[in-house]
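A.B. asks: Take a look at the following structure, please.
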Amino acid sequence: MSQSDNKKFFENLTGAGKAIAVLTSGGDAQGMNAAVRAVVRMGIYVGAKVYFIHEGYQGMVDGGDNIEEAKWESVSSMLQVGGTVIGSARCKEFRTHEGRLKAAHNLVRKGITNLCVIGGDGSLTGANLFREEWSGLLAELLEQGLIDEEATQIYSALHIVGMVGSIDNDFCGTDMTIGTDSALHRIIEVVDAIMTTAQSHQRTFVLEVMGRHCGYLALVSALACGADWVLIPEMPPEDGWEEKMCQKLCATRSRGSRLNIIIVAEGAIDRHGKAITSSIVKDLVVRRLGFDTRVTILGHVQRGGTPSAFDRILASRMGVEAVLALLETTANTAACVVSLCGNQSVRLPLMECVQMTQEVQKAMDEKRFEEAVQLRGRSFENNLKTYKLLAHRKPESELPQSNFNVAVLNVGAPAAGMNAAVRSAVRVGISEGHKMFAVNDGFEGFYKGQIKEIKWADVGGWTGQGGSLLGTKRTLPAKHVGKIAEQMRKYNINALLVIGGFEAYLGIMELLAARGTYEELCVPMVMVPATVSNNVPGSDLSIGADTALNAITDTCDRIKQSASGTKRRVFIIETMGGYCGYLASVGGLAAGADAAYIYEEPFDIRDLQANVEHLTAKMKTSIQRGLILRNENSNENYTTDFIYQLYSEEGRGVFDCRKNVLGHMQQGGAPSPFDRNFGTKIAAKAMQWITKKLNESYRQGRVFANTEDSACLLGMRRRAMVFQPVVQLKDETDFVHRIPKEQWWLKLRPLMKILAKYKTSYDVSDSGQLEHVVLNRPKASEATAAI
């Protein structure tokens, strides 16, 4: 589809004459407000009337002031607010025919035939039943004289699009539900805080997290913090688990650890369906081991707080996608759910998803636990496998003896999540029977011989540590390749795992080029991308980028809040990224920026002037604060100072300006849950690839691998994790500016502009197409963007 076709297609999707209502129902979740904001602004943008329905289905049944027309300014300053500002309630009346009849009457009175429902499976099932009954409800209203014949013709069909808002991530067919990532942030913040006090007193902590029917939060937080034991409803422990758990806790202490962490989902059960509560686990540990043990029940803390960057972006993309889906519906279109699979928007039949979700519960009720795990999806299944692999060490006698030596090193600038990747690689390598070696200070440490064996216990507690504990430098190997080959010969290194950014990518290429001279380099090599800039070719995401986005989003929230109650103010924020505009663009979408200046999208003084005029016009209405992001290398002449001075001068009398350079705070801090899990899973997959390649290339008592596919980059592409020979990535790379030639996130920029009230064309060629839940996904999609 050409660009002109895209624009034409988008223009055909006009919402003129349509009325869209948005409601939040069931339990609240962080990010719901971002979804509401996106629906309202996209709806108004395409010319539709948009309505809030306050208090969920209760407001629809009660009508009156509960159904209120939304204006553009109605959703200002709600992006960073947790919960749902339009209210949510569980409504018994809507479950009755009489209640739905009242709701239908209230909608017809406002001319609403398009509903965007944000909630869980119960809310979405109710919406679908309402849609199916709609024509019958109108007939009843006509019979009762509450509407006329003309109204039944005009409003003959009700269209439903759902977005799943649930912190439990318990809805099948979606990688990630709105609110899940934010809930993981709350859990990990608490776990990180508890670990320091637990270490001081040599305590065991039992943490109970939400998840009555779904163990996703428990499982992923256990993976993210390296918990000793996790109990979830989908996979109850085998009989005799009590003894095994106590042995595991003792083994952890015997290796020098001063604490134990056990995570329990509130719905955890044993094989016989008997509940396993946090207090039962505590009493067990105290009785059998005598450890000083405490229980912390997180409760509704997990639902609260500001939404994470991931949830804001997810909800904003889904809100826009929901409006597009509503504009495309016909009288026969089934109700659908919009979601993300990897980085791609998808639309799924609502009732297929609901039925699959109910199948999971049925499998659990019938004690078909293996099947329940599979029905949860590849992501859940992969999380469980990875946790078991990393948390439970096999006895030496049970380990395969490979006699291979594998070196792991960090290269380039530090990125949060690197340590989680190293821990995962080391433990998976040991489980596969390899001897693991850690190289300090990247390629510089490699040629200097800063290499030592690293054991299972050496990487304990690394998951939550920021920066690079191995040490990392930007030094490239080309000048020292002879010395590196010498060290590889000395330590008999049979494979390399390089975790890093663009320097790591260049480094692998340089080692590959030297294979003809140095036979020692003819070994399997794999690179895992880790850089806050997210500028490595061959991967849509890099370890560390999510943590940096959260740092930018949090700081922008605070900066905007600093102007609360003062006169109108515009903030100019400079972000990192080199020539890559990922942080500025996606951070701008998450923070609600008015503009984001980047190298990939050239701009001139006319664009700057248009932005100033646009912001001035908005400021003269009710908008009090403006936010402009600028990537550090977006333009050598239009610097942050220049833009600050231009806005200050041109906005004189309307708003004043402040500037802020975020700098290295984007690189520091503890890794986000996403980066911990992404790093853990991608490094585990890389090590499994290394094992496979070692076995394939072992001939006549030695490893020899010199084919193109023996030096790969493991990256996430759309929906799947893909191993790509680095040689084949050369054509995709702009080596001068150190960025990929094509970048997926550029398609998100029009979305940011639309939500900031700019008129722009939106490329709908990549919008979600209706799929079926039973569709066979690519095998590697278990490690998609969903953690």
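A note on labels: chains of the structure tokens are A, B, ... as shown, every chain counts residues from 1, and ligands are counted from 1 in their shown order.
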Would you pick out the contacts of segment 178-193 of chain A at 8 Å or less, using only C-alpha atoms, so that residues sharing its chain but fewer than 3 positions from it are not included, and give the list as a PyMOL selection string?

C.D. replies: chain A and resi 29-32+163-169+196-197+209+217+220-221+224-225+298+301-308+310-311+314-315+464+672-674

A.B. asks: Check the DSSP output for the backbone and give back, as a ChimeraX atom specification, the residues of segment 509-635 of chain A in strand (DSSP E).

C.D. replies: /A:525-529,569-575,595-597,625-631

A.B. asks: Tell me which protein, DNA and RNA residues are within 9 Å of Thr531 of chain A, counting only C-alpha atoms, leaving out same-chain ones fewer than 4 positions away, and put them as a list of chain:residue names.

C.D. replies: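 Here the answer would be A:Gly412, A:Ala413, A:Pro414, A:Ala415, A:Ala416, A:Met418, A:Gly500, A:Gly501, A:Phe502, A:Asn535, A:Val536, A:Ser542, A:Ile543, A:Gly544, A:Ala545, A:Gln667.
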
A.B. asks: Store the residues of this selection in a file with N, CA and C atoms, as a short mmCIF file (atom, residue, chain, number, x, y, z; two decimals), in the first residue's frame.

C.D. replies:
data_model
loop_
_atom_site.label_atom_id
_atom_site.label_comp_id
_atom_site.auth_asym_id
_atom_site.auth_seq_id
_atom_site.Cartn_x
_atom_site.Cartn_y
_atom_site.Cartn_z
N GLY A 412 30.28 -1.71 25.39
CA GLY A 412 29.59 -0.45 25.16
C GLY A 412 29.21 0.23 26.46
N ALA A 413 28.20 1.12 26.41
CA ALA A 413 27.76 1.83 27.62
C ALA A 413 26.90 0.91 28.47
N PRO A 414 26.88 1.15 29.80
CA PRO A 414 26.03 0.31 30.67
C PRO A 414 24.55 0.48 30.32
N ALA A 415 23.79 -0.58 30.52
CA ALA A 415 22.33 -0.54 30.32
C ALA A 415 21.68 -1.39 31.40
N ALA A 416 20.64 -0.86 32.02
CA ALA A 416 19.94 -1.60 33.07
C ALA A 416 19.36 -2.88 32.49
N MET A 418 21.51 -5.54 31.97
CA MET A 418 22.69 -6.31 31.55
C MET A 418 23.02 -7.41 32.56
N GLY A 500 25.57 -6.12 24.65
CA GLY A 500 25.93 -4.71 24.54
C GLY A 500 25.20 -4.00 23.42
N GLY A 501 25.65 -2.77 23.13
CA GLY A 501 25.00 -1.93 22.14
C GLY A 501 25.70 -1.96 20.79
N PHE A 502 25.76 -0.80 20.15
CA PHE A 502 26.29 -0.74 18.78
C PHE A 502 27.76 -1.17 18.72
N ASN A 535 19.34 1.35 19.38
CA ASN A 535 19.78 1.68 18.02
C ASN A 535 20.50 0.53 17.32
N VAL A 536 20.32 -0.71 17.81
CA VAL A 536 21.02 -1.86 17.22
C VAL A 536 20.19 -2.44 16.08
N SER A 542 15.88 -3.25 22.75
CA SER A 542 17.15 -3.56 23.40
C SER A 542 16.96 -3.56 24.90
N ILE A 543 17.73 -4.39 25.59
CA ILE A 543 17.74 -4.38 27.06
C ILE A 543 18.17 -2.98 27.51
N GLY A 544 17.46 -2.41 28.46
CA GLY A 544 17.82 -1.09 29.00
C GLY A 544 16.95 0.03 28.50
N ALA A 545 16.34 -0.13 27.31
CA ALA A 545 15.54 0.95 26.74
C ALA A 545 14.27 1.22 27.56
N GLN A 667 20.47 6.37 32.12
CA GLN A 667 21.26 5.14 32.06
C GLN A 667 21.34 4.43 33.40
#

A.B. asks: For segment 569-571 of chain A, find every residue with an atom within 7 Å (counting only C-alpha atoms), except residues of its own chain fewer than 2 positions away, and show them as a PyMOL selection string.

C.D. replies: chain A and resi 563+567+573+624-628+655-659

A.B. asks: Hey, can you spit out that residue selection with all heavy atoms as a JSON list (two decimals), in the first residue's frame?

C.D. replies:
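The file below, out22.json, is the result:
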[["chain", "number", "residue", "atom", "x", "y", "z"],
["A", 563, "ALA", "N", 5.11, 22.92, 37.55],
["A", 563, "ALA", "CA", 4.45, 24.13, 37.06],
["A", 563, "ALA", "C", 3.00, 24.20, 37.51],
["A", 563, "ALA", "O", 2.28, 25.13, 37.14],
["A", 563, "ALA", "CB", 4.52, 24.17, 35.55],
["A", 567, "LYS", "N", 1.84, 30.09, 36.28],
["A", 567, "LYS", "CA", 1.37, 30.55, 34.96],
["A", 567, "LYS", "C", 1.72, 29.51, 33.90],
["A", 567, "LYS", "O", 2.42, 28.54, 34.16],
["A", 567, "LYS", "CB", 2.01, 31.90, 34.63],
["A", 567, "LYS", "CG", 3.53, 31.89, 34.65],
["A", 567, "LYS", "CD", 4.05, 33.30, 34.41],
["A", 567, "LYS", "CE", 5.58, 33.32, 34.47],
["A", 567, "LYS", "NZ", 6.11, 34.64, 34.21],
["A", 573, "ILE", "N", 12.94, 19.46, 26.94],
["A", 573, "ILE", "CA", 13.68, 18.36, 27.57],
["A", 573, "ILE", "C", 14.60, 17.70, 26.55],
["A", 573, "ILE", "O", 14.14, 17.33, 25.47],
["A", 573, "ILE", "CB", 12.72, 17.29, 28.12],
["A", 573, "ILE", "CG1", 11.57, 17.92, 28.91],
["A", 573, "ILE", "CG2", 13.46, 16.23, 28.92],
["A", 573, "ILE", "CD1", 11.83, 18.25, 30.31],
["A", 624, "GLN", "N", -2.34, 24.37, 30.25],
["A", 624, "GLN", "CA", -1.45, 25.16, 31.10],
["A", 624, "GLN", "C", 0.02, 24.84, 30.92],
["A", 624, "GLN", "O", 0.88, 25.65, 31.22],
["A", 624, "GLN", "CB", -1.82, 24.95, 32.59],
["A", 624, "GLN", "CG", -3.21, 25.42, 32.94],
["A", 624, "GLN", "CD", -3.36, 26.93, 32.83],
["A", 624, "GLN", "OE1", -2.53, 27.68, 33.33],
["A", 624, "GLN", "NE2", -4.41, 27.39, 32.16],
["A", 625, "ARG", "N", 0.31, 23.61, 30.47],
["A", 625, "ARG", "CA", 1.72, 23.19, 30.38],
["A", 625, "ARG", "C", 1.99, 22.54, 29.03],
["A", 625, "ARG", "O", 1.16, 21.81, 28.51],
["A", 625, "ARG", "CB", 2.04, 22.18, 31.49],
["A", 625, "ARG", "CG", 2.16, 22.81, 32.86],
["A", 625, "ARG", "CD", 1.97, 21.80, 33.96],
["A", 625, "ARG", "NE", 0.57, 21.41, 34.09],
["A", 625, "ARG", "CZ", 0.11, 20.56, 34.99],
["A", 625, "ARG", "NH1", 0.93, 20.01, 35.84],
["A", 625, "ARG", "NH2", -1.16, 20.25, 35.04],
["A", 626, "GLY", "N", 3.18, 22.82, 28.51],
["A", 626, "GLY", "CA", 3.59, 22.20, 27.26],
["A", 626, "GLY", "C", 4.88, 21.43, 27.47],
["A", 626, "GLY", "O", 5.68, 21.76, 28.36],
["A", 627, "LEU", "N", 5.08, 20.40, 26.67],
["A", 627, "LEU", "CA", 6.27, 19.56, 26.82],
["A", 627, "LEU", "C", 6.87, 19.29, 25.44],
["A", 627, "LEU", "O", 6.19, 18.78, 24.55],
["A", 627, "LEU", "CB", 5.89, 18.24, 27.49],
["A", 627, "LEU", "CG", 7.03, 17.29, 27.88],
["A", 627, "LEU", "CD1", 7.89, 17.89, 28.98],
["A", 627, "LEU", "CD2", 6.47, 15.95, 28.34],
["A", 628, "ILE", "N", 8.13, 19.67, 25.26],
["A", 628, "ILE", "CA", 8.85, 19.46, 24.01],
["A", 628, "ILE", "C", 10.07, 18.59, 24.31],
["A", 628, "ILE", "O", 10.87, 18.93, 25.19],
["A", 628, "ILE", "CB", 9.33, 20.79, 23.39],
["A", 628, "ILE", "CG1", 8.17, 21.79, 23.26],
["A", 628, "ILE", "CG2", 10.03, 20.55, 22.06],
["A", 628, "ILE", "CD1", 7.10, 21.39, 22.29],
["A", 655, "PHE", "N", 3.36, 32.26, 27.33],
["A", 655, "PHE", "CA", 3.94, 31.27, 28.23],
["A", 655, "PHE", "C", 5.43, 31.57, 28.42],
["A", 655, "PHE", "O", 6.04, 32.28, 27.61],
["A", 655, "PHE", "CB", 3.75, 29.84, 27.69],
["A", 655, "PHE", "CG", 4.33, 29.60, 26.32],
["A", 655, "PHE", "CD1", 5.70, 29.35, 26.14],
["A", 655, "PHE", "CD2", 3.52, 29.58, 25.19],
["A", 655, "PHE", "CE1", 6.22, 29.12, 24.88],
["A", 655, "PHE", "CE2", 4.04, 29.35, 23.92],
["A", 655, "PHE", "CZ", 5.41, 29.12, 23.76],
["A", 656, "ASP", "N", 5.97, 31.05, 29.51],
["A", 656, "ASP", "CA", 7.42, 31.13, 29.67],
["A", 656, "ASP", "C", 8.02, 29.73, 29.52],
["A", 656, "ASP", "O", 7.30, 28.74, 29.44],
["A", 656, "ASP", "CB", 7.82, 31.79, 31.00],
["A", 656, "ASP", "CG", 7.39, 30.97, 32.21],
["A", 656, "ASP", "OD1", 6.77, 29.91, 32.01],
["A", 656, "ASP", "OD2", 7.68, 31.39, 33.34],
["A", 657, "CYS", "N", 9.34, 29.66, 29.44],
["A", 657, "CYS", "CA", 10.02, 28.39, 29.12],
["A", 657, "CYS", "C", 11.02, 27.99, 30.19],
["A", 657, "CYS", "O", 11.61, 28.84, 30.86],
["A", 657, "CYS", "CB", 10.78, 28.53, 27.80],
["A", 657, "CYS", "SG", 9.79, 28.13, 26.39],
["A", 658, "ARG", "N", 11.22, 26.68, 30.30],
["A", 658, "ARG", "CA", 12.30, 26.12, 31.11],
["A", 658, "ARG", "C", 12.92, 24.98, 30.30],
["A", 658, "ARG", "O", 12.24, 24.34, 29.50],
["A", 658, "ARG", "CB", 11.77, 25.56, 32.44],
["A", 658, "ARG", "CG", 11.19, 26.61, 33.37],
["A", 658, "ARG", "CD", 12.27, 27.50, 33.98],
["A", 658, "ARG", "NE", 11.71, 28.43, 34.95],
["A", 658, "ARG", "CZ", 11.18, 29.62, 34.67],
["A", 658, "ARG", "NH1", 11.11, 30.01, 33.40],
["A", 658, "ARG", "NH2", 10.72, 30.40, 35.62],
["A", 659, "LYS", "N", 14.20, 24.72, 30.50],
["A", 659, "LYS", "CA", 14.85, 23.60, 29.80],
["A", 659, "LYS", "C", 15.48, 22.66, 30.80],
["A", 659, "LYS", "O", 15.83, 23.06, 31.92],
["A", 659, "LYS", "CB", 15.88, 24.11, 28.79],
["A", 659, "LYS", "CG", 17.07, 24.79, 29.42],
["A", 659, "LYS", "CD", 18.12, 25.14, 28.38],
["A", 659, "LYS", "CE", 19.25, 25.91, 29.07],
["A", 659, "LYS", "NZ", 20.33, 26.26, 28.17]]

A.B. asks: With distances taken over only C-alpha atoms, which of A:Gly119, A:Glu328, A:Gln144, A:Glu510 is nearest to Leu476 of chain A?

C.D. replies: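 Among the listed residues, A:Glu510 lies closest to Leu476 of chain A.
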
A.B. asks: Would you mind listing what lies within 6 Å of Cys522 of chain A as a list in words, with only C-alpha atoms counted and same-chain residues fewer than 3 positions away left out?

C.D. replies: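 Near neighbours after the sequence-gap exclusion: Arg515, Glu519, Phe704, Ala705 and Asn706 of chain A.
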
A.B. asks: Take the residues from that selection and put them in a file with C-alpha atoms, as an mmCIF file, in the first residue's frame.

C.D. replies:
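And here's selection32.cif as it stands now:
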data_model
loop_
_atom_site.group_PDB
_atom_site.id
_atom_site.type_symbol
_atom_site.label_atom_id
_atom_site.label_comp_id
_atom_site.auth_asym_id
_atom_site.auth_seq_id
_atom_site.Cartn_x
_atom_site.Cartn_y
_atom_site.Cartn_z
ATOM 1 C CA ARG A 515 38.541 -15.392 11.364
ATOM 2 C CA GLU A 519 41.486 -19.824 13.813
ATOM 3 C CA PHE A 704 35.347 -25.090 14.378
ATOM 4 C CA ALA A 705 32.611 -22.725 13.192
ATOM 5 C CA ASN A 706 33.270 -20.289 10.357
#

A.B. asks: How many Å separate atom CA of Leu348 of chain A from atom CA of Val39 of chain A?

C.D. replies: 18.4 Å

A.B. asks: So that I can check the surroundings of Val85 of chain A, please list as a list in words every protein, DNA and RNA residue that reaches within 10 Å of it, counting only C-alpha atoms and ignoring chain neighbours fewer than 6 positions away.

C.D. replies: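 The contact residues come out as Thr24, Asp28, Met32, Asn33, Val36, His54, Glu55, Val75 and Met78 of chain A.
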
A.B. asks: What is the atom CA of Tyr597 of chain A-atom CA of Leu748 of chain A distance in Å, reported with one decimal?

C.D. replies: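 Computing the Euclidean distance for atom CA of Tyr597 of chain A and atom CA of Leu748 of chain A yields 13.7 Å.
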
A.B. asks: Between atom CA of Met716 of chain A and atom CA of Asp540 of chain A, what is the spacing in Å?

C.D. replies: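 So the two atoms, atom CA of Asp540 of chain A and atom CA of Met716 of chain A, lie 5.5 Å apart.
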
A.B. asks: Residues at most 7 Å from segment 603-616 of chain A, counting only C-alpha atoms, excluding those fewer than 2 positions away in the same chain, as a list in words?

C.D. replies: Glu601, Lys618, Met619, Lys620, Tyr647, Glu650, Gly651 and Val654 of chain A

A.B. asks: Would you put the residues from that selection into a file with N, CA, C and O atoms, as a PDB file, in the first residue's frame?

C.D. replies:
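Result written to out.pdb:
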ATOM      1  N   GLU A 601      13.689  12.374  11.435  1.00  0.00           N
ATOM      2  CA  GLU A 601      12.627  13.162  10.809  1.00  0.00           C
ATOM      3  C   GLU A 601      13.113  14.607  10.729  1.00  0.00           C
ATOM      4  O   GLU A 601      12.907  15.384  11.655  1.00  0.00           O
ATOM      5  N   LYS A 618      -2.889  26.623  21.700  1.00  0.00           N
ATOM      6  CA  LYS A 618      -3.409  25.735  22.759  1.00  0.00           C
ATOM      7  C   LYS A 618      -3.336  26.407  24.127  1.00  0.00           C
ATOM      8  O   LYS A 618      -4.241  26.273  24.947  1.00  0.00           O
ATOM      9  N   MET A 619      -2.229  27.136  24.355  1.00  0.00           N
ATOM     10  CA  MET A 619      -2.038  27.793  25.654  1.00  0.00           C
ATOM     11  C   MET A 619      -3.086  28.879  25.902  1.00  0.00           C
ATOM     12  O   MET A 619      -3.402  29.188  27.046  1.00  0.00           O
ATOM     13  N   LYS A 620      -3.596  29.466  24.832  1.00  0.00           N
ATOM     14  CA  LYS A 620      -4.579  30.537  24.988  1.00  0.00           C
ATOM     15  C   LYS A 620      -5.951  29.981  25.371  1.00  0.00           C
ATOM     16  O   LYS A 620      -6.843  30.738  25.744  1.00  0.00           O
ATOM     17  N   TYR A 647      11.451  29.371  21.615  1.00  0.00           N
ATOM     18  CA  TYR A 647      10.152  29.259  22.287  1.00  0.00           C
ATOM     19  C   TYR A 647       9.956  30.383  23.309  1.00  0.00           C
ATOM     20  O   TYR A 647       8.858  30.914  23.451  1.00  0.00           O
ATOM     21  N   GLU A 650       9.235  33.626  21.122  1.00  0.00           N
ATOM     22  CA  GLU A 650       7.973  33.597  20.380  1.00  0.00           C
ATOM     23  C   GLU A 650       6.756  33.417  21.287  1.00  0.00           C
ATOM     24  O   GLU A 650       5.648  33.771  20.907  1.00  0.00           O
ATOM     25  N   GLY A 651       6.975  32.847  22.464  1.00  0.00           N
ATOM     26  CA  GLY A 651       5.850  32.646  23.378  1.00  0.00           C
ATOM     27  C   GLY A 651       5.703  33.762  24.397  1.00  0.00           C
ATOM     28  O   GLY A 651       4.858  33.667  25.301  1.00  0.00           O
ATOM     29  N   VAL A 654       2.560  34.848  26.450  1.00  0.00           N
ATOM     30  CA  VAL A 654       1.591  33.746  26.515  1.00  0.00           C
ATOM     31  C   VAL A 654       2.087  32.656  27.471  1.00  0.00           C
ATOM     32  O   VAL A 654       1.344  32.168  28.313  1.00  0.00           O
TER      33      VAL A 654
END

A.B. asks: So, counting only C-alpha atoms, which residue among A:Glu503, A:Arg37, A:Leu79, A:Phe443 is closest to Lys560 of chain A?

C.D. replies: A:Leu79

A.B. asks: I'd like to know which residues of segment 495-560 of chain A are alpha helix (DSSP H) (by DSSP, run on the backbone); could you write them as a list in words?

C.D. replies: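 Selecting the alpha helix (DSSP H) positions of segment 495-560 of chain A gives Phe502, Glu503, Ala504, Tyr505, Leu506, Gly507, Ile508, Met509, Glu510, Leu511, Leu512, Ala513, Ala545, Asp546, Thr547, Ala548, Leu549, Asn550, Ala551, Ile552, Thr553, Asp554, Thr555, Cys556, Asp557, Arg558, Ile559 and Lys560 of chain A.
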
A.B. asks: Check the smallest atom-to-atom distance from each of A:Val46, A:Lys385, A:Glu370, A:Tyr638 to Leu324 of chain A using only C-alpha atoms, then report the winner.

C.D. replies: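 Once distances to Leu324 of chain A are computed over only C-alpha atoms, the minimum belongs to A:Val46.
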
A.B. asks: Quick one: contact table of segment 489-570 of chain A to segment 695-703 of chain A, 9 Å max, nearest atom pair and distance in Å to one decimal per residue, counting only C-alpha atoms, chain and number order, as CSV?

C.D. replies:
residue,atom,partner,partner_atom,distance
A:Asn494,CA,A:Val703,CA,6.5
A:Ala495,CA,A:Val703,CA,8.8
A:Cys522,CA,A:Val703,CA,7.8
A:Val523,CA,A:Val703,CA,6.5
A:Pro524,CA,A:Ser697,CA,8.4

A.B. asks: Which residue, A:Ala530, A:Cys341, A:Leu496, A:Met351, has the smallest gap to Met687 of chain A when you use only C-alpha atoms?

C.D. replies: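 Checking each candidate against Met687 of chain A, we get A:Leu496 as the closest.
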
A.B. asks: When you count only C-alpha atoms, which of these residues is closest to Ala485 of chain A: A:Ile269, A:Leu231, A:Leu469, A:Ala514?

C.D. replies: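 Of the candidates, the smallest distance to Ala485 of chain A is held by A:Ala514.
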
A.B. asks: Select, from A:Gln153, A:Gln688, A:Ile297, A:Gln355, the residue with the minimum atom-to-atom distance to Thr386 of chain A, counting only C-alpha atoms.

C.D. replies: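 Of all the options, A:Gln688 lies closest to Thr386 of chain A.
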